[in-house]
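Reviewing the structure listed below.
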Amino acid sequence: MSARSISWFRFSSPATFYHLAGKMVPWFSAIAVILIGVGLYMSLFVAPTDYKQGEGYRIIFVHVPAAWMSMFIYVVMALWSGIGLVFNTRLSAMMAQALAPTGAMFTFLALWTGALWGKPMWGTWWVWDARLTSELILLFLYIGFIALQGAIDDNRRADRAGAILALVGVVNVPIIYYSVTWWNTLHQGASVSISKGSSMGEVMLITMLIMTFGFWAYAIAVSLSRVRSIILERDRETTWVSELPEMQVQ
Amino acid sequence: MAMFDAFRAIVLRDLVLAMRRKTDVFSTLFFFVIVVSLFPLGIGPEMNTLRLIAPGVVWVAALLASMLALERLFATDHEDGTLEQMILAPQPLFVLVLGKVAAHWLATGLPLVAMAPLLGLQYDLSVPALEILLYSLLLGTPALSLIGAIGAALTIGLRGGGVLISLLVLPLCIPILIFGAGAVEANVSGLGEQGHLFMLAALLVLALLLAPLATAAALRVSAE
Amino acid sequence: MSVSEFLDMGGYALYVWGSFGLTALLMVLEPMLLRSRRNATLRRIGRIIRLNREVRNES
């Protein structure tokens with residue numbers, strides 16, 4: 001084992017990662033607050049009014065980043081699950097478990113903002129658009145993952161079963177997306193899809209990227225703090241937990 | 001040839017077991033018939049609408065019926081320990097899994113396929129449409145059983161197993177539903193159903209290749 | 001751009017503020033839930049440690 005990989009595995013022990021994550025959470029929270037603050041200001045004030053959709057189009061500054069995050073988090077979840085299965089490291093599975101609720105939240109947000117955007121533009125709350133439908137199925141995949149992990153008491157089996165489901169799911173995501181797109185274009189002909197509205201102006205693209213990076217920092221901060229709680233819950237009988245400074249306070 | 005003998009042995013064993021407990025086989029079939037017959041009562045006897053919704057209704061009912069039968073796929077073997085023996089067997093586990101799923105499909109999937117055209121008549125589907133319905137189900141139900149086997153293997157011995165399997169597996173079966181129901185609809189609307197049937201066959205091949213591997217891994221995880 | 005004009009969002013107030021509002025709400029709610037979960041976990045483990053200590057002292 002070359003020196004580099006040995007040091008790499010040092011971080012995979014929950015004890016060291018607990019302290020490492022503890023240091024990282026405040027940083028990422030600060031980055032998230034700053035980026036989202038700037039992004040919000042730009043999306044509400046700086047971005048010009050869209051000639052076709054008026055002010056309503058501003059919803060894409062929340063809808064698109066949330067949709068991107070929901071898919072990105074699912075892939076990262078499957079990545080951690082894969083690593084957890086291959087290297088048999090408990091921490092990777094804990095990381096996947098920590099990411100799932102945040103991913104599900106972003107998926108729900110993408111659906112909610114998609115519906116709220118569809119209402120003024122197309123008069124109906126729900127449009128069976130290919131991307132919205134795939135987003136809905138992605139929400140079912142998240143719920144399936146969380147339900148499976150919740151139904152298994154033994155942590156080791158829960159991690160590995162969840163990992164298999166996440167990997168099977170990530171293989172299916174592209175298949176589901178393309179079959180839904182095929183289904184959508186077939187039935188509606190020229191489909192009423194939630195396109196990006198007018199071509200992306202320079203300012204709009206920058207705003208959206210800022211919001212996306214803000215959501216990214218937020219997701220990292222939240223999942224890191226959730227993984228710290230999971231580590232505590234799973235290692236509650238260990239000595240290093242009992243010697244924790246915050247434990248003396250109790 | 002050991003692998004194929006093991007495969008054949010598992011299939012024959014499971015078919016014999018299934019034939020002993022005929023009630024399970026018929027319960028899935030009757031569930032399918034009842035669900036399909038419910039829709040005209042809900043939507044109304046007007047033939048035009050029924051003909052329009054027939055492919056979707058029959059396919060969704062077939063999907064739900066095959067989910068129903070999945071729970072018992074590994075449960076009995078898990079309880080009496082044969083599952084451990086299968087995991088320890090010299091033959092690769094995914095071959096044995098393939099055998100079990102094949103037997104499960106023959107016992108529960110095939111009757112659905114045989115019954116579907118009969119139910120299609122209730123919905124006044126034309127004969128060519130019924131023929132396509134038969135082919136699409138013939139291609140689709142094995143894939144449903146294969147993907148469903150992953151969910152069954154993951155949820156062995158869990159409380160609320162039946163509902164949990166459907167929750168895990170239904171999102172994964174959506175492409176099969178889309179192309180299956182789409183094939184019949186394409187035939188009825190004269191659009192031509194080859195494309196849909198080819199996609200369905202592609203999904204079946206994909207499921208045949210990948211699903212047993214995932215199921216085998218899930219079995220090893222659950223049986224520990 | 002007066003405040004009321006801004007709030008009206010060109011007639012799309014309900015939809016724009018509905019989207020931004022729920023996003024903000026959830027992204028504030030989740031960290032708070034996490035903090036309460038962390039405190040609950042710490043208290044629970046603290047109690048377990050104290051119980052073990054009492055059992056050890058008695059034996």
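If you're wondering about the labels, chains in the structure tokens are A, B, ... by order shown, residues count from 1 in each chain, ligands from 1 in order shown.
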Quick one: residues within 8 Å of Pro212 of chain B, only C-alpha atoms, excluding same-chain residues fewer than 2 positions away - as a short mmCIF file (atom, residue, chain, number, x, y, z; two decimals) with C-alpha atoms, in the first residue's frame?
```
data_model
loop_
_atom_site.label_atom_id
_atom_site.label_comp_id
_atom_site.auth_asym_id
_atom_site.auth_seq_id
_atom_site.Cartn_x
_atom_site.Cartn_y
_atom_site.Cartn_z
CA PHE B 94 -26.88 -15.68 -9.60
CA VAL B 95 -27.58 -18.87 -11.55
CA VAL B 97 -31.37 -16.83 -8.39
CA LEU B 98 -32.12 -16.99 -12.11
CA LEU B 146 -36.30 -10.06 -12.33
CA ALA B 149 -36.49 -10.17 -7.15
CA ILE B 150 -33.99 -7.46 -6.17
CA ALA B 207 -32.68 -7.11 -16.57
CA LEU B 208 -31.63 -10.68 -17.35
CA LEU B 209 -27.97 -9.63 -17.22
CA LEU B 210 -27.85 -7.25 -14.28
CA ALA B 214 -27.85 -7.41 -7.73
CA THR B 215 -30.24 -9.97 -6.28
CA ALA B 216 -27.35 -12.30 -5.42
#
```
Next on the checklist: Distance limit 6 Å, atoms considered: only C-alpha atoms. Which chain C residues sit that close to chain A? Return them as a ChimeraX atom specification.
Outcome noted: /C:9-10,12,15-16,19,38,46
Checklist entry - What are the residues of chain A that have an atom within 9 Å of an atom of chain B, counting only C-alpha atoms, as number ranges by chain? => result A: 137-138, 140-141, 143-145, 147-148, 151-152, 156-158, 160-162, 164-165, 168-169, 172-173, 175-180, 182-183
Item to check | Secondary structure check, helix (DSSP H, G or I) residues of segment 22-237 of chain A, as a ChimeraX atom specification | outcome: /A:22-46,55-87,90-122,130-151,155-188,202-234
Next on the checklist: Which residues are near segment 116-121 of chain B? Cut-off 9 Å, only C-alpha atoms, ignore same chain within fewer than 5 positions. Put them as a PyMOL selection string.
Outcome noted: chain B and resi 32-33+36-37+51+54-55+58-59+62+111+126-127+129-131+133-134+137
Checklist outcome for this item: atom CA of Met121 of chain A sits from atom CA of Val64 of chain A at a separation of 16.0 Å
Checklist entry - Which neighbours of Ile34 of chain A fall inside 10 Å, counting only C-alpha atoms, when residues of the same chain fewer than 5 positions from it are skipped, and could you give them as a PyMOL selection string? => result chain A and resi 28-29+39-40+210+214+217
Next on the checklist: Given only C-alpha atoms as the basis, pick out the residue of B:Leu63, B:Leu106, B:Ala6, B:Leu73 nearest to Met86 of chain B.
Outcome noted: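 The closest residue to Met86 of chain B is B:Ala6.
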Checklist entry - Contacts of Val16 of chain B at 12 Å or less, counting only C-alpha atoms, minus same-chain residues fewer than 3 places along, as a PyMOL selection string? => result chain B and resi 9-13+19-22+100+103-104+106-107
Selection to disk with N, CA and C atoms, as a PDB file, in the first residue's frame:
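Below you can see selection.pdb, which holds the result:
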```
ATOM      1  N   ALA B   9     -32.619 -27.890 -11.648  1.00  0.00           N
ATOM      2  CA  ALA B   9     -33.111 -28.472 -10.386  1.00  0.00           C
ATOM      3  C   ALA B   9     -33.908 -27.426  -9.609  1.00  0.00           C
ATOM      4  N   ILE B  10     -33.363 -26.211  -9.547  1.00  0.00           N
ATOM      5  CA  ILE B  10     -34.057 -25.157  -8.784  1.00  0.00           C
ATOM      6  C   ILE B  10     -35.412 -24.876  -9.416  1.00  0.00           C
ATOM      7  N   VAL B  11     -35.440 -24.781 -10.749  1.00  0.00           N
ATOM      8  CA  VAL B  11     -36.707 -24.446 -11.417  1.00  0.00           C
ATOM      9  C   VAL B  11     -37.734 -25.537 -11.126  1.00  0.00           C
ATOM     10  N   LEU B  12     -37.321 -26.800 -11.292  1.00  0.00           N
ATOM     11  CA  LEU B  12     -38.288 -27.906 -11.068  1.00  0.00           C
ATOM     12  C   LEU B  12     -38.739 -27.903  -9.617  1.00  0.00           C
ATOM     13  N   ARG B  13     -37.774 -27.730  -8.693  1.00  0.00           N
ATOM     14  CA  ARG B  13     -38.131 -27.746  -7.261  1.00  0.00           C
ATOM     15  C   ARG B  13     -39.161 -26.674  -6.964  1.00  0.00           C
ATOM     16  N   MET B  19     -46.809 -25.665  -7.201  1.00  0.00           N
ATOM     17  CA  MET B  19     -48.010 -26.461  -7.519  1.00  0.00           C
ATOM     18  C   MET B  19     -48.634 -26.995  -6.235  1.00  0.00           C
ATOM     19  N   ARG B  20     -47.779 -27.271  -5.220  1.00  0.00           N
ATOM     20  CA  ARG B  20     -48.374 -27.776  -3.961  1.00  0.00           C
ATOM     21  C   ARG B  20     -49.237 -26.703  -3.337  1.00  0.00           C
ATOM     22  N   ARG B  21     -48.760 -25.446  -3.409  1.00  0.00           N
ATOM     23  CA  ARG B  21     -49.590 -24.385  -2.780  1.00  0.00           C
ATOM     24  C   ARG B  21     -50.265 -23.627  -3.913  1.00  0.00           C
ATOM     25  N   LYS B  22     -51.247 -24.238  -4.571  1.00  0.00           N
ATOM     26  CA  LYS B  22     -51.874 -23.582  -5.736  1.00  0.00           C
ATOM     27  C   LYS B  22     -52.517 -22.270  -5.339  1.00  0.00           C
ATOM     28  N   LYS B 100     -34.696 -19.496  -9.561  1.00  0.00           N
ATOM     29  CA  LYS B 100     -35.853 -19.183  -8.701  1.00  0.00           C
ATOM     30  C   LYS B 100     -36.773 -18.198  -9.392  1.00  0.00           C
ATOM     31  N   ALA B 103     -38.721 -19.875 -12.161  1.00  0.00           N
ATOM     32  CA  ALA B 103     -39.837 -20.665 -11.625  1.00  0.00           C
ATOM     33  C   ALA B 103     -40.957 -19.743 -11.171  1.00  0.00           C
ATOM     34  N   HIS B 104     -40.584 -18.638 -10.499  1.00  0.00           N
ATOM     35  CA  HIS B 104     -41.596 -17.698  -9.996  1.00  0.00           C
ATOM     36  C   HIS B 104     -42.370 -17.113 -11.161  1.00  0.00           C
ATOM     37  N   LEU B 106     -42.808 -18.502 -14.138  1.00  0.00           N
ATOM     38  CA  LEU B 106     -43.661 -19.538 -14.750  1.00  0.00           C
ATOM     39  C   LEU B 106     -44.926 -19.738 -13.913  1.00  0.00           C
ATOM     40  N   ALA B 107     -44.762 -19.637 -12.588  1.00  0.00           N
ATOM     41  CA  ALA B 107     -45.909 -19.919 -11.715  1.00  0.00           C
ATOM     42  C   ALA B 107     -46.870 -18.734 -11.665  1.00  0.00           C
TER      43      ALA B 107
END
```
